[in-house]
$ cat query_10.pdb   # PDB, C-alpha atoms
ATOM      1  CA  MET U   1      11.546  10.112  -8.347
ATOM      2  CA  LYS U   2      11.322   6.480  -7.193
ATOM      3  CA  ALA U   3       8.368   4.578  -5.778
ATOM      4  CA  ARG U   4       7.873   1.058  -4.471
ATOM      5  CA  VAL U   5       4.474  -0.617  -4.341
ATOM      6  CA  PHE U   6       4.121  -3.662  -2.084
ATOM      7  CA  PHE U   7       1.088  -5.929  -2.305
ATOM      8  CA  ALA U   8      -0.457  -9.083  -0.885
ATOM      9  CA  THR U   9      -3.332 -10.886  -2.561
ATOM     10  CA  ILE U  10      -5.264 -14.140  -2.581
ATOM     11  CA  THR U  11      -8.023 -13.364  -5.091
ATOM     12  CA  GLY U  12      -5.992 -11.076  -7.335
ATOM     13  CA  ASN U  13      -8.016  -8.005  -6.344
ATOM     14  CA  ASN U  14      -5.146  -6.353  -4.486
ATOM     15  CA  GLU U  15      -2.768  -6.982  -7.344
ATOM     16  CA  ASP U  16      -5.338  -5.226  -9.556
ATOM     17  CA  VAL U  17      -5.284  -2.298  -7.092
ATOM     18  CA  ALA U  18      -1.478  -2.279  -7.156
ATOM     19  CA  ASP U  19      -1.458  -2.393 -10.964
ATOM     20  CA  VAL U  20      -3.600   0.756 -11.210
ATOM     21  CA  ILE U  21      -1.234   2.572  -8.848
ATOM     22  CA  VAL U  22       1.854   1.346 -10.711
ATOM     23  CA  ASP U  23       0.341   2.383 -14.043
ATOM     24  CA  GLU U  24      -0.363   5.897 -12.755
ATOM     25  CA  PHE U  25       3.189   6.211 -11.422
ATOM     26  CA  GLN U  26       4.541   5.100 -14.802
ATOM     27  CA  GLN U  27       2.335   7.566 -16.675
ATOM     28  CA  ALA U  28       3.749  10.338 -14.464
ATOM     29  CA  GLY U  29       7.324   9.285 -15.244
ATOM     30  CA  VAL U  30       8.019   7.901 -11.771
ATOM     31  CA  GLU U  31      10.435   4.977 -11.596
ATOM     32  CA  VAL U  32       8.352   2.308  -9.849
ATOM     33  CA  THR U  33       8.686  -1.306  -8.777
ATOM     34  CA  LYS U  34       5.855  -3.633  -7.762
ATOM     35  CA  GLU U  35       6.806  -6.206  -5.142
ATOM     36  CA  ASP U  36       5.015  -8.995  -3.326
ATOM     37  CA  PHE U  37       5.160  -8.518   0.451
ATOM     38  CA  MET U  38       6.398 -12.105   0.777
ATOM     39  CA  ASP U  39       9.526 -11.208  -1.198
ATOM     40  CA  ALA U  40      10.100  -7.872   0.556
ATOM     41  CA  ASP U  41      12.187  -6.815   3.512
ATOM     42  CA  ALA U  42      11.353  -3.543   5.250
ATOM     43  CA  ALA U  43      15.043  -3.083   6.095
ATOM     44  CA  ASP U  44      15.790  -2.790   2.362
ATOM     45  CA  ILE U  45      13.861   0.469   2.087
ATOM     46  CA  ASP U  46      16.259   3.393   2.197
ATOM     47  CA  PRO U  47      14.599   6.833   2.365
ATOM     48  CA  SER U  48      17.640   8.344   0.640
ATOM     49  CA  ASP U  49      16.983   6.097  -2.379
ATOM     50  CA  THR U  50      13.173   5.796  -2.314
ATOM     51  CA  ASP U  51      10.702   8.681  -2.339
ATOM     52  CA  ILE U  52       7.341   6.930  -2.037
ATOM     53  CA  VAL U  53       6.228   3.594  -0.576
ATOM     54  CA  VAL U  54       2.727   2.223  -1.051
ATOM     55  CA  ALA U  55       1.310  -0.748   0.834
ATOM     56  CA  VAL U  56      -1.572  -2.685  -0.721
ATOM     57  CA  ALA U  57      -2.704  -5.358   1.707
ATOM     58  CA  TYR U  58      -5.920  -7.236   2.273
ATOM     59  CA  THR U  59      -7.766  -7.771   5.516
ATOM     60  CA  PHE U  60      -8.063 -11.286   6.862
ATOM     61  CA  ASP U  61     -10.007 -13.038   9.610
ATOM     62  CA  LYS U  62     -11.918 -10.514  11.720
ATOM     63  CA  GLY U  63      -9.873  -7.473  10.794
ATOM     64  CA  THR U  64      -6.328  -8.804  10.911
ATOM     65  CA  LEU U  65      -3.569  -8.120   8.445
ATOM     66  CA  ALA U  66      -2.819 -10.608   5.672
ATOM     67  CA  ASP U  67      -0.301 -13.257   6.736
ATOM     68  CA  GLU U  68       1.846 -12.424   3.697
ATOM     69  CA  ALA U  69       2.356  -8.871   4.979
ATOM     70  CA  LEU U  70       2.894  -9.660   8.677
ATOM     71  CA  ASP U  71       6.710  -9.969   8.629
ATOM     72  CA  PHE U  72       7.030  -6.689   6.738
ATOM     73  CA  TYR U  73       4.536  -5.020   9.095
ATOM     74  CA  ASP U  74       6.334  -6.317  12.193
ATOM     75  CA  ASP U  75       9.718  -5.181  10.852
ATOM     76  CA  MET U  76       8.340  -1.684  10.213
ATOM     77  CA  GLU U  77       8.211  -1.216  13.977
ATOM     78  CA  THR U  78      12.000  -0.717  14.080
ATOM     79  CA  MET U  79      12.344   1.420  10.931
ATOM     80  CA  ASP U  80      13.147   5.112  10.785
ATOM     81  CA  TRP U  81      11.599   6.258   7.531
ATOM     82  CA  SER U  82      11.630   9.967   8.306
ATOM     83  CA  GLY U  83      11.043  11.925   5.130
ATOM     84  CA  LEU U  84       9.649   8.980   3.175
ATOM     85  CA  ILE U  85       6.196   9.543   1.663
ATOM     86  CA  TYR U  86       3.711   6.724   2.198
ATOM     87  CA  GLY U  87       0.288   5.632   1.101
ATOM     88  CA  ALA U  88      -1.918   2.627   1.781
ATOM     89  CA  ALA U  89      -4.686   1.075  -0.265
ATOM     90  CA  GLY U  90      -6.418  -2.259  -0.413
ATOM     91  CA  SER U  91      -9.426  -4.189  -1.495
ATOM     92  CA  GLY U  92     -11.940  -5.696   0.846
ATOM     93  CA  ASP U  93     -15.537  -6.791   0.925
ATOM     94  CA  VAL U  94     -18.163  -4.514   2.449
ATOM     95  CA  PHE U  95     -19.948  -7.698   3.559
ATOM     96  CA  TYR U  96     -17.550  -7.737   6.537
ATOM     97  CA  GLY U  97     -18.918  -4.460   7.936
ATOM     98  CA  ASN U  98     -16.573  -2.839  10.474
ATOM     99  CA  ASP U  99     -13.753  -5.137   9.339
ATOM    100  CA  PHE U 100     -13.961  -3.832   5.754
ATOM    101  CA  ALA U 101     -10.417  -3.189   4.483
ATOM    102  CA  VAL U 102      -9.001  -2.333   7.928
ATOM    103  CA  ALA U 103      -5.590  -3.460   6.648
ATOM    104  CA  VAL U 104      -5.378   0.023   5.107
ATOM    105  CA  ASP U 105      -5.815   1.585   8.568
ATOM    106  CA  LEU U 106      -3.310  -0.809  10.150
ATOM    107  CA  MET U 107      -0.658  -0.030   7.531
ATOM    108  CA  GLU U 108      -1.213   3.730   7.796
ATOM    109  CA  ALA U 109      -0.826   3.622  11.567
ATOM    110  CA  ARG U 110       2.398   1.609  11.345
ATOM    111  CA  PHE U 111       3.838   3.874   8.642
ATOM    112  CA  ALA U 112       3.128   6.893  10.871
ATOM    113  CA  GLU U 113       5.143   5.256  13.668
ATOM    114  CA  THR U 114       8.197   5.117  11.389
ATOM    115  CA  GLY U 115       8.306   8.885  10.955
ATOM    116  CA  ALA U 116       7.185   8.651   7.329
ATOM    117  CA  ILE U 117       4.901  11.337   5.897
ATOM    118  CA  LYS U 118       1.360  10.494   4.826
ATOM    119  CA  GLY U 119       1.144  11.446   1.173
ATOM    120  CA  ALA U 120      -2.562  10.796   0.585
ATOM    121  CA  GLU U 121      -5.612   9.435   2.359
ATOM    122  CA  GLY U 122      -5.824   5.646   2.223
ATOM    123  CA  VAL U 123      -8.098   4.047  -0.348
ATOM    124  CA  LYS U 124     -10.433   1.148   0.411
ATOM    125  CA  VAL U 125     -11.791  -0.647  -2.652
ATOM    126  CA  ASN U 126     -14.789  -2.959  -2.516
ATOM    127  CA  LEU U 127     -13.627  -6.164  -4.220
ATOM    128  CA  SER U 128     -11.931  -5.503  -7.582
ATOM    129  CA  PRO U 129     -11.452  -1.911  -8.735
ATOM    130  CA  ASP U 130     -14.270  -0.730 -11.007
ATOM    131  CA  ASP U 131     -14.072   2.493 -13.041
ATOM    132  CA  GLU U 132     -14.948   4.670 -10.029
ATOM    133  CA  ALA U 133     -12.397   2.984  -7.761
ATOM    134  CA  GLU U 134      -9.768   3.195 -10.481
ATOM    135  CA  ALA U 135     -10.307   6.954 -10.724
ATOM    136  CA  VAL U 136      -9.911   7.264  -6.933
ATOM    137  CA  LEU U 137      -6.709   5.178  -7.030
ATOM    138  CA  ARG U 138      -5.287   7.345  -9.804
ATOM    139  CA  ALA U 139      -6.082  10.518  -7.835
ATOM    140  CA  PHE U 140      -4.490   8.898  -4.753
ATOM    141  CA  THR U 141      -1.302   8.214  -6.730
ATOM    142  CA  LYS U 142      -1.218  11.743  -8.151
ATOM    143  CA  GLN U 143      -1.517  13.106  -4.603
ATOM    144  CA  LEU U 144       1.386  10.917  -3.462
ATOM    145  CA  ILE U 145       3.505  12.328  -6.262
ATOM    146  CA  ALA U 146       2.461  15.909  -5.472
ATOM    147  CA  THR U 147       3.332  15.425  -1.798
ATOM    148  CA  ALA U 148       6.732  13.985  -2.715
ATOM    149  CA  LYS U 149       7.635  16.982  -4.909
TER     150      LYS U 149
END
$ encode --input "query_10.pdb" --output "structure tokens"
Amino acid sequence: MKARVFFATITGNNEDVADVIVDEFQQAGVEVTKEDFMDADAADIDPSDTDIVVAVAYTFDKGTLADEALDFYDDMETMDWSGLIYGAAGSGDVFYGNDFAVAVDLMEARFAETGAIKGAEGVKVNLSPDDEAEAVLRAFTKQLIATAK
């Protein structure tokens, strides 16, 4: 089984989120790569070669998606990822109220448009993952794997 985890971060919090997910994939024996959205191309994802894709993006200015993930997000609009399992997670700051971690919602909605299959409910982490958030992220990753099997 192969998984790809894409992330965007300014503070390092989302890379911490991605690292927990990657670690759980590795512990389960899943071949996984961690990639920065800025270095990624949605067209390079082939559902016949990749089982699971996870997006870890942060929310910027009044509920918009991180600039680093915008090209990838825009390119997703033309993808047919039928059969691919997806998940979305991301850190945010509850200080921003209704805009808290909405990047997770935006990515889930775009993944759904590609025909991909939601493998687990998205995870929104307040700031950097603490022990409780790490446990939720690990359960999220285990659910992705279970859905892919």
$ residues_near_point --input "query_10.pdb" --point "(-2.2, -0.3, -7.7)" --cutoff "12 Å" --atoms "all atoms listed in the file" --output "PyMOL selection string"
chain U and resi 3-9+12-26+32-35+53-57+87-91+123-125+128-129+133-141
$ axis_aligned_box --input "query_10.pdb" --around "stretch 52-69 of chain U" --padding-each-side "6 Å" --output "lines of an AutoDock Vina configuration file"
center_x = -2.3
center_y = -3.2
center_z = 4.8
size_x = 31.3
size_y = 32.2
size_z = 25.8
$ closest_residue --input "query_10.pdb" --among "U:Ile85, U:Leu144, U:Ala120, U:Ala103" --to "U:Ser48" --atoms "only C-alpha atoms"
U:Ile85
$ atom_distance --input "query_10.pdb" --atom1 "atom CA of U:Glu108" --atom2 "atom CA of U:Glu121"
9.0 Å
$ resolve_selection --input "query_10.pdb" --expression "the PyMOL selection byres ((chain U and resi 99) around 9)" --output "list in words"
Thr59, Phe60, Asp61, Lys62, Gly63, Thr64, Gly92, Asp93, Val94, Phe95, Tyr96, Gly97, Asn98, Phe100, Ala101, Val102 and Ala103 of chain U
$ resolve_selection --input "query_10.pdb" --expression "the PyMOL selection byres ((chain U and resi 77) around 9)" --output "list of chain:residue names"
U:Tyr73, U:Asp74, U:Asp75, U:Met76, U:Thr78, U:Met79, U:Asp80, U:Arg110, U:Phe111, U:Glu113, U:Thr114
$ write_last_selection --input "query_10.pdb" --atoms "C-alpha atoms" --output "PDB file, in the coordinates of the input"
ATOM      1  CA  TYR U  73       4.536  -5.020   9.095  1.00  0.00           C
ATOM      2  CA  ASP U  74       6.334  -6.317  12.193  1.00  0.00           C
ATOM      3  CA  ASP U  75       9.718  -5.181  10.852  1.00  0.00           C
ATOM      4  CA  MET U  76       8.340  -1.684  10.213  1.00  0.00           C
ATOM      5  CA  THR U  78      12.000  -0.717  14.080  1.00  0.00           C
ATOM      6  CA  MET U  79      12.344   1.420  10.931  1.00  0.00           C
ATOM      7  CA  ASP U  80      13.147   5.112  10.785  1.00  0.00           C
ATOM      8  CA  ARG U 110       2.398   1.609  11.345  1.00  0.00           C
ATOM      9  CA  PHE U 111       3.838   3.874   8.642  1.00  0.00           C
ATOM     10  CA  GLU U 113       5.143   5.256  13.668  1.00  0.00           C
ATOM     11  CA  THR U 114       8.197   5.117  11.389  1.00  0.00           C
TER      12      THR U 114
END
$ atom_distance --input "query_10.pdb" --atom1 "atom CA of U:Gln143" --atom2 "atom CA of U:Lys118"
10.2 Å
$ atom_distance --input "query_10.pdb" --atom1 "atom CA of U:Leu127" --atom2 "atom CA of U:Val104"
13.9 Å
$ closest_residue --input "query_10.pdb" --among "U:Leu70, U:Val30, U:Met38, U:Ile52" --to "U:Gly119" --atoms "only C-alpha atoms"
U:Ile52
$ closest_residue --input "query_10.pdb" --among "U:Asp130, U:Gly122, U:Phe37, U:Thr11" --to "U:Asp105" --atoms "only C-alpha atoms"
U:Gly122
$ closest_residue --input "query_10.pdb" --among "U:Tyr58, U:Gly29, U:Leu106, U:Pro47" --to "U:Asn126" --atoms "all atoms listed in the file"
U:Tyr58
